[in-house]
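K.L.:
Below is the file final.cif, with mmCIF, C-alpha atoms.
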data_input
loop_
_atom_site.label_atom_id
_atom_site.label_comp_id
_atom_site.auth_asym_id
_atom_site.auth_seq_id
_atom_site.Cartn_x
_atom_site.Cartn_y
_atom_site.Cartn_z
CA MET D 19 7.67 0.65 2.61
CA ALA D 20 9.52 2.69 5.21
CA ASP D 21 6.98 5.05 6.73
CA THR D 22 8.90 7.23 9.12
CA GLN D 23 11.41 9.12 7.12
CA THR D 24 12.77 12.47 6.02
CA PRO D 25 10.51 15.31 4.83
CA LEU D 26 10.99 16.54 1.27
CA PRO D 27 13.80 18.96 0.53
CA GLN D 28 12.80 22.42 -0.64
CA GLU D 29 14.14 21.79 -4.15
CA ALA D 30 12.41 18.74 -5.58
CA ALA D 31 14.20 16.45 -8.00
CA THR D 32 13.23 16.07 -11.64
CA LEU D 33 11.44 12.94 -12.77
CA ASP D 34 13.91 10.65 -14.56
CA ARG D 35 13.58 7.35 -16.42
CA TYR D 36 13.33 5.46 -13.14
CA GLY D 37 10.45 7.71 -12.13
CA TYR D 38 8.60 6.90 -15.34
CA ASN D 39 9.38 3.25 -14.69
CA ALA D 40 7.71 3.57 -11.28
CA ILE D 41 4.60 5.07 -12.88
CA ALA D 42 4.53 2.22 -15.39
CA ARG D 43 4.72 -0.23 -12.50
CA HIS D 44 1.73 1.45 -10.87
CA VAL D 45 -0.33 0.99 -14.02
CA ALA D 46 0.86 -2.60 -14.42
CA LEU D 47 -0.14 -3.27 -10.82
CA VAL D 48 -3.73 -2.39 -11.70
CA PHE D 49 -3.84 -5.14 -14.33
CA PHE D 50 -2.02 -7.54 -12.00
CA THR D 51 -4.63 -7.07 -9.25
CA CYS D 52 -7.78 -6.65 -11.35
CA ALA D 53 -7.34 -9.12 -14.21
CA PRO D 54 -7.67 -12.12 -11.82
CA LEU D 55 -11.17 -10.91 -10.96
CA PHE D 56 -12.45 -11.45 -14.48
CA ILE D 57 -10.27 -14.48 -15.20
CA ALA D 58 -11.60 -16.37 -12.19
CA ALA D 59 -15.15 -15.12 -12.73
CA GLY D 60 -15.04 -16.34 -16.32
CA THR D 61 -16.85 -13.23 -17.54
CA LEU D 62 -16.45 -9.50 -18.10
CA ASP D 63 -20.07 -8.93 -17.14
CA TRP D 64 -19.47 -7.99 -13.49
CA PHE D 65 -20.47 -4.42 -12.65
CA TRP D 66 -18.84 -4.11 -9.24
CA ALA D 67 -15.59 -5.62 -10.49
CA TRP D 68 -15.45 -2.85 -13.09
CA VAL D 69 -16.16 -0.22 -10.43
CA TYR D 70 -13.39 -1.65 -8.25
CA SER D 71 -10.97 -1.79 -11.21
CA ILE D 72 -11.69 1.78 -12.31
CA ILE D 73 -11.22 3.14 -8.78
CA THR D 74 -7.97 1.19 -8.49
CA LEU D 75 -6.71 2.58 -11.80
CA LEU D 76 -7.68 6.15 -10.89
CA GLY D 77 -6.12 5.70 -7.45
CA TRP D 78 -2.73 4.69 -8.83
CA LEU D 79 -2.83 7.31 -11.57
CA GLY D 80 -3.77 10.02 -9.08
CA LEU D 81 -1.01 8.92 -6.72
CA SER D 82 1.50 9.00 -9.59
CA VAL D 83 0.47 12.50 -10.65
CA VAL D 84 0.74 13.84 -7.09
CA LEU D 85 4.17 12.28 -6.58
CA ALA D 86 5.40 13.51 -9.96
CA ARG D 87 4.56 17.05 -8.84
CA GLN D 88 5.41 16.93 -5.15
CA ASN D 89 7.87 14.09 -4.63
CA PRO D 90 9.50 13.01 -7.91
CA GLU D 91 12.61 11.89 -6.06
CA LEU D 92 10.59 9.14 -4.45
CA LEU D 93 9.27 7.95 -7.81
CA ASN D 94 12.83 7.93 -9.14
CA GLN D 95 13.96 5.81 -6.22
CA ARG D 96 11.01 3.40 -6.33
CA GLY D 97 11.52 2.84 -10.05
CA LYS D 98 14.97 1.34 -9.57
CA ARG D 99 15.68 -2.38 -9.49
CA ALA D 100 15.81 -4.45 -6.33
CA LYS D 101 19.63 -4.46 -6.36
CA ALA D 102 19.49 -0.74 -5.56
CA MET D 103 17.75 -1.57 -2.28
CA ALA D 104 20.98 -2.55 -0.51
CA GLY D 105 20.51 -3.19 3.18
CA THR D 106 16.93 -4.48 2.91
CA LYS D 107 16.15 -6.83 5.78
CA THR D 108 16.06 -10.47 4.69
CA TRP D 109 12.75 -11.09 6.43
CA ASP D 110 11.19 -8.24 4.45
CA TRP D 111 11.87 -9.98 1.14
CA LEU D 112 9.91 -12.96 2.49
CA ILE D 113 7.04 -10.74 3.61
CA LEU D 114 6.94 -9.00 0.24
CA SER D 115 6.85 -12.37 -1.53
CA LEU D 116 3.86 -13.40 0.57
CA TYR D 117 2.27 -10.02 -0.12
CA VAL D 118 2.49 -10.58 -3.87
CA VAL D 119 0.86 -13.99 -3.50
CA LEU D 120 -2.01 -12.55 -1.46
CA LEU D 121 -2.33 -9.60 -3.81
CA LEU D 122 -3.08 -12.10 -6.57
CA ALA D 123 -5.02 -14.60 -4.46
CA ALA D 124 -7.57 -12.15 -3.03
CA PRO D 125 -9.05 -11.01 -6.36
CA TYR D 126 -8.83 -14.52 -7.79
CA VAL D 127 -10.83 -15.98 -4.90
CA ALA D 128 -13.29 -13.10 -5.26
CA GLY D 129 -13.76 -14.04 -8.91
CA LEU D 130 -14.34 -17.69 -8.04
CA ASP D 131 -16.90 -16.61 -5.47
CA TYR D 132 -18.74 -14.57 -8.09
CA ARG D 133 -18.66 -17.42 -10.63
CA ASN D 134 -19.96 -20.03 -8.19
CA GLY D 135 -22.35 -17.81 -6.25
CA TRP D 136 -20.92 -18.75 -2.87
CA THR D 137 -21.88 -15.50 -1.18
CA GLY D 138 -25.33 -14.99 -2.67
CA GLU D 139 -27.34 -11.78 -2.59
CA VAL D 140 -25.76 -8.83 -0.78
CA SER D 141 -27.04 -5.27 -0.42
CA PRO D 142 -25.32 -2.77 -2.78
CA VAL D 143 -24.65 -0.71 0.34
CA VAL D 144 -21.87 -3.18 1.16
CA ASN D 145 -20.28 -2.64 -2.27
CA ILE D 146 -20.48 1.12 -1.86
CA ILE D 147 -18.89 1.03 1.60
CA GLY D 148 -16.06 -1.15 0.27
CA ASN D 149 -15.34 1.19 -2.61
CA LEU D 150 -15.36 4.21 -0.30
CA ILE D 151 -12.79 2.44 1.89
CA LEU D 152 -10.74 1.81 -1.25
CA VAL D 153 -10.84 5.52 -2.13
CA ALA D 154 -9.82 6.41 1.44
CA SER D 155 -6.89 3.97 1.27
CA PHE D 156 -5.50 5.64 -1.84
CA ALA D 157 -5.96 9.09 -0.31
CA LEU D 158 -4.01 8.04 2.80
CA LEU D 159 -1.31 6.29 0.77
CA THR D 160 -0.88 9.33 -1.48
CA TRP D 161 -0.67 11.69 1.50
CA SER D 162 1.89 9.48 3.24
CA MET D 163 4.10 9.18 0.17
CA ALA D 164 3.82 12.81 -0.92
CA ILE D 165 5.57 14.14 2.19
CA ASN D 166 8.09 11.34 2.64
CA ARG D 167 11.07 11.22 0.28
CA HIS D 168 12.18 7.85 1.70
CA PHE D 169 8.92 5.93 1.39
CA GLU D 170 10.62 3.04 -0.39
CA GLY D 171 9.25 -0.40 -1.10
CA THR D 172 11.46 -2.29 1.35
CA VAL D 173 12.50 -2.03 4.99
CA ARG D 174 16.05 -0.70 5.29
CA ILE D 175 17.95 2.14 6.92
CA GLN D 176 18.83 4.53 4.08
CA GLU D 177 22.00 6.02 5.51
CA GLN D 178 23.27 7.15 2.10
CA ARG D 179 20.08 9.17 1.60
CA GLY D 180 20.04 10.96 4.95
CA HIS D 181 17.41 8.79 6.58
CA GLN D 182 15.68 10.76 9.34
CA VAL D 183 12.37 10.78 11.16
CA VAL D 184 9.39 12.83 9.95
CA SER D 185 6.44 13.54 12.19
CA SER D 186 4.23 15.73 10.00
CA GLY D 187 1.12 14.87 8.00
CA PRO D 188 -0.39 11.46 8.82
CA TYR D 189 2.71 10.60 10.86
CA ARG D 190 1.33 12.84 13.59
CA TYR D 191 -1.37 10.25 14.22
CA VAL D 192 0.23 6.85 13.50
CA ARG D 193 3.80 5.80 12.87
CA HIS D 194 3.02 3.66 9.79
CA PRO D 195 0.21 5.31 7.81
CA GLY D 196 1.34 3.61 4.59
CA TYR D 197 0.69 0.23 6.15
CA VAL D 198 -2.71 1.41 7.33
CA ALA D 199 -3.50 2.23 3.68
CA VAL D 200 -2.47 -1.24 2.51
CA ILE D 201 -4.54 -2.86 5.26
CA LEU D 202 -7.54 -0.77 4.20
CA GLN D 203 -7.08 -2.01 0.64
CA PHE D 204 -7.22 -5.60 1.82
CA VAL D 205 -10.36 -4.83 3.84
CA ALA D 206 -11.95 -2.96 0.93
CA LEU D 207 -11.73 -5.80 -1.61
CA PRO D 208 -14.23 -8.34 -0.16
CA LEU D 209 -16.64 -5.52 0.68
CA ALA D 210 -16.37 -3.68 -2.64
CA LEU D 211 -17.01 -6.95 -4.49
CA ALA D 212 -19.39 -8.47 -1.90
CA THR D 213 -17.55 -11.79 -1.99
CA TRP D 214 -17.13 -13.22 1.49
CA ALA D 215 -14.72 -15.97 0.41
CA ALA D 216 -12.20 -13.23 -0.40
CA TRP D 217 -11.97 -12.45 3.32
CA LEU D 218 -9.64 -15.45 3.72
CA PRO D 219 -6.69 -14.06 1.71
CA SER D 220 -7.62 -10.48 2.64
CA LEU D 221 -7.43 -11.14 6.37
CA ALA D 222 -4.15 -12.97 5.80
CA GLY D 223 -2.91 -9.76 4.15
CA VAL D 224 -4.05 -7.72 7.14
CA VAL D 225 -2.16 -10.00 9.54
CA LEU D 226 0.91 -9.92 7.29
CA TYR D 227 1.06 -6.13 7.41
CA ILE D 228 0.51 -5.99 11.14
CA VAL D 229 3.52 -8.29 11.48
CA ARG D 230 5.51 -6.16 9.04
CA ALA D 231 4.68 -3.01 10.97
CA ALA D 232 5.85 -4.62 14.22
CA LEU D 233 9.10 -5.85 12.68
CA GLU D 234 9.88 -2.56 10.95
CA ASP D 235 9.07 -0.60 14.07
CA ALA D 236 11.55 -2.70 16.03
CA VAL D 237 14.23 -2.07 13.39
CA LEU D 238 13.64 1.68 13.46
CA GLN D 239 13.69 1.74 17.26
CA ARG D 240 17.13 0.09 17.20
CA GLU D 241 18.77 1.65 14.17
CA LEU D 242 17.23 5.01 13.27
CA PRO D 243 18.39 7.98 15.39
CA GLY D 244 15.50 9.97 16.78
CA TYR D 245 12.87 7.29 16.16
CA HIS D 246 12.55 6.30 19.81
CA GLU D 247 11.74 9.89 20.73
CA PHE D 248 9.28 10.10 17.83
CA ALA D 249 7.58 6.93 19.09
CA GLN D 250 7.06 8.61 22.47
CA GLU D 251 5.18 11.44 20.77
CA THR D 252 3.31 9.39 18.14
CA ARG D 253 2.32 6.50 20.37
CA TRP D 254 0.32 4.38 17.95
CA ARG D 255 1.76 2.20 15.20
CA LEU D 256 -1.39 1.61 13.14
CA LEU D 257 -4.60 2.38 15.02
CA PRO D 258 -4.91 5.31 17.45
CA GLY D 259 -6.00 4.21 20.87
CA VAL D 260 -5.40 0.52 20.13
CA TRP D 261 -1.86 -0.27 18.86
#
Let's see the structure in the file written out as structure tokens.

P.N.:
Amino acid sequence: MADTQTPLPQEAATLDRYGYNAIARHVALVFFTCAPLFIAAGTLDWFWAWVYSIITLLGWLGLSVVLARQNPELLNQRGKRAKAMAGTKTWDWLILSLYVVLLLAAPYVAGLDYRNGWTGEVSPVVNIIGNLILVASFALLTWSMAINRHFEGTVRIQEQRGHQVVSSGPYRYVRHPGYVAVILQFVALPLALATWAAWLPSLAGVVLYIVRAALEDAVLQRELPGYHEFAQETRWRLLPGVW
């Protein structure tokens, strides 16, 4: 998910079959991340799980619509198979594999928590706060991807696609806003569902993306022309004033 890339060209591409494939993947991701909630809970009668699932579905659909209008080239690129991602760092494939595991584990543990009542009574305010964080994460992710034609799913230097630095939009504030969005999604899940056991895989996901941000930042510092200067202007990787 390369976050510091080239701004969109003035003439946007047309959505092709790979772009539609990317949209289909977004919808499939909703079922991949939300079905474990109900499977582990052993019931469909879970109000906040439905709220979380609906927001997740609307988030991915909204992101897809925005990209189809403003950055179809990115959808086309993200819809291609992994073999098209030549030059992806080997360590990133490992990180992405762990990400998929945690993406499945977090909702599954949340469902087990709900079934067994490990957490107990929690104020609905917690659920509301978690769902608001989830909405904010999709808004930030959509913003980051809409202005960045190279926001791919893996860490690599895209020389054949004119890989350059962009410093507009959310990149004015942090160098990896897409990773901030993913971290917010991990934080949102245990709050939105009020299941404290889900903090275990969720916090693992947060740590994983902090590590990924550090590794990608080092790659960009070494290999992407202009990134070092950009890093002097946008000082913070993920959290302004902290890191």

K.L.:
With the PyMOL selection byres ((chain D and resi 55-59) around 10) as the selection, what would be picked from this file? Answer as a tab-separated table (two decimals) with C-alpha atoms, in the frame of the given file, please.

P.N.:
chain	number	residue	atom	x	y	z
D	49	PHE	CA	-3.84	-5.14	-14.33
D	50	PHE	CA	-2.02	-7.54	-12.00
D	51	THR	CA	-4.63	-7.07	-9.25
D	52	CYS	CA	-7.78	-6.65	-11.35
D	53	ALA	CA	-7.34	-9.12	-14.21
D	54	PRO	CA	-7.67	-12.12	-11.82
D	60	GLY	CA	-15.04	-16.34	-16.32
D	61	THR	CA	-16.85	-13.23	-17.54
D	62	LEU	CA	-16.45	-9.50	-18.10
D	63	ASP	CA	-20.07	-8.93	-17.14
D	64	TRP	CA	-19.47	-7.99	-13.49
D	67	ALA	CA	-15.59	-5.62	-10.49
D	68	TRP	CA	-15.45	-2.85	-13.09
D	70	TYR	CA	-13.39	-1.65	-8.25
D	71	SER	CA	-10.97	-1.79	-11.21
D	122	LEU	CA	-3.08	-12.10	-6.57
D	123	ALA	CA	-5.02	-14.60	-4.46
D	124	ALA	CA	-7.57	-12.15	-3.03
D	125	PRO	CA	-9.05	-11.01	-6.36
D	126	TYR	CA	-8.83	-14.52	-7.79
D	127	VAL	CA	-10.83	-15.98	-4.90
D	128	ALA	CA	-13.29	-13.10	-5.26
D	129	GLY	CA	-13.76	-14.04	-8.91
D	130	LEU	CA	-14.34	-17.69	-8.04
D	131	ASP	CA	-16.90	-16.61	-5.47
D	132	TYR	CA	-18.74	-14.57	-8.09
D	133	ARG	CA	-18.66	-17.42	-10.63
D	134	ASN	CA	-19.96	-20.03	-8.19
D	211	LEU	CA	-17.01	-6.95	-4.49

K.L.:
If the PyMOL selection byres ((chain D and resi 35) around 12) were run on this exact file, what residues would it hold? Put them as an mmCIF file with C-alpha atoms, in the coordinates of the input.

P.N.:
data_model
loop_
_atom_site.group_PDB
_atom_site.id
_atom_site.type_symbol
_atom_site.label_atom_id
_atom_site.label_comp_id
_atom_site.auth_asym_id
_atom_site.auth_seq_id
_atom_site.Cartn_x
_atom_site.Cartn_y
_atom_site.Cartn_z
ATOM 1 C CA THR D 32 13.230 16.070 -11.640
ATOM 2 C CA LEU D 33 11.440 12.940 -12.770
ATOM 3 C CA ASP D 34 13.910 10.650 -14.560
ATOM 4 C CA TYR D 36 13.330 5.460 -13.140
ATOM 5 C CA GLY D 37 10.450 7.710 -12.130
ATOM 6 C CA TYR D 38 8.600 6.900 -15.340
ATOM 7 C CA ASN D 39 9.380 3.250 -14.690
ATOM 8 C CA ALA D 40 7.710 3.570 -11.280
ATOM 9 C CA ILE D 41 4.600 5.070 -12.880
ATOM 10 C CA ALA D 42 4.530 2.220 -15.390
ATOM 11 C CA PRO D 90 9.500 13.010 -7.910
ATOM 12 C CA GLU D 91 12.610 11.890 -6.060
ATOM 13 C CA LEU D 93 9.270 7.950 -7.810
ATOM 14 C CA ASN D 94 12.830 7.930 -9.140
ATOM 15 C CA GLN D 95 13.960 5.810 -6.220
ATOM 16 C CA ARG D 96 11.010 3.400 -6.330
ATOM 17 C CA GLY D 97 11.520 2.840 -10.050
ATOM 18 C CA LYS D 98 14.970 1.340 -9.570
#

K.L.:
Neighbours of Tyr189 of chain D within 8 Å (all atoms listed in the file; same-chain residues fewer than 5 positions away dropped), as a ChimeraX atom specification?

P.N.:
/D:22,162,184,194-195,252

K.L.:
Could you pull the residues within 10 Å of Ala157 of chain D, counting all atoms listed in the file, minus those fewer than 6 positions along the same chain, as a count of residues only?

P.N.:
5

K.L.:
Give me the residues near Val173 of chain D as a ChimeraX atom specification, where near means some atom within 10 Å (using all atoms listed in the file) and where sequence neighbours in that chain fewer than 5 positions away do not count.

P.N.:
/D:19-21,103,105-111,230-231,233-235,237-238

K.L.:
Which is closest to Asn89 of chain D among D:Val260, D:Leu221, D:Ile165, D:Val48, if we use only C-alpha atoms?

P.N.:
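Among the listed residues, the smallest separation from Asn89 of chain D belongs to D:Ile165.
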
K.L.:
Let me know the residues the PyMOL selection byres ((chain D and resi 217-220) around 8) catches in the file above, as a PyMOL selection string.

P.N.:
chain D and resi 120+123-124+204-205+207-208+213-216+221-224

K.L.:
Compare D:Gly196, D:Tyr117, D:Ala210, D:Arg190 by their minimum atom-to-atom distance to Arg253 of chain D, counting all atoms listed in the file, and give me the closest one.

P.N.:
D:Arg190

K.L.:
Could you check which of D:Ile147, D:Thr172, D:Pro142, D:Ile73 is closest to Arg99 of chain D, using only C-alpha atoms?

P.N.:
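Checking each of D:Ile147, D:Thr172, D:Pro142, D:Ile73 against Arg99 of chain D, counting only C-alpha atoms, the winner is D:Thr172.
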
K.L.:
Considering only C-alpha atoms, return as a tab-separated table (two decimals) with C-alpha atoms, in the frame of the given file whatever protein or nucleic-acid residues lie within 7 Å of Leu152 of chain D, sequence-local ones (same chain, fewer than 5 positions apart) excluded.

P.N.:
chain	number	residue	atom	x	y	z
D	202	LEU	CA	-7.54	-0.77	4.20
D	203	GLN	CA	-7.08	-2.01	0.64
D	206	ALA	CA	-11.95	-2.96	0.93

K.L.:
Could you jot down the atom CA of Ala46 of chain D to atom CA of Ser82 of chain D separation for me, Å, one decimal place?

P.N.:
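A separation of 12.6 Å between them.
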
K.L.:
Take atom CA of Leu209 of chain D and atom CA of Thr160 of chain D and report the distance between them in Å, one decimal.

P.N.:
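Separation of atom CA of Leu209 of chain D and atom CA of Thr160 of chain D: 21.8 Å.
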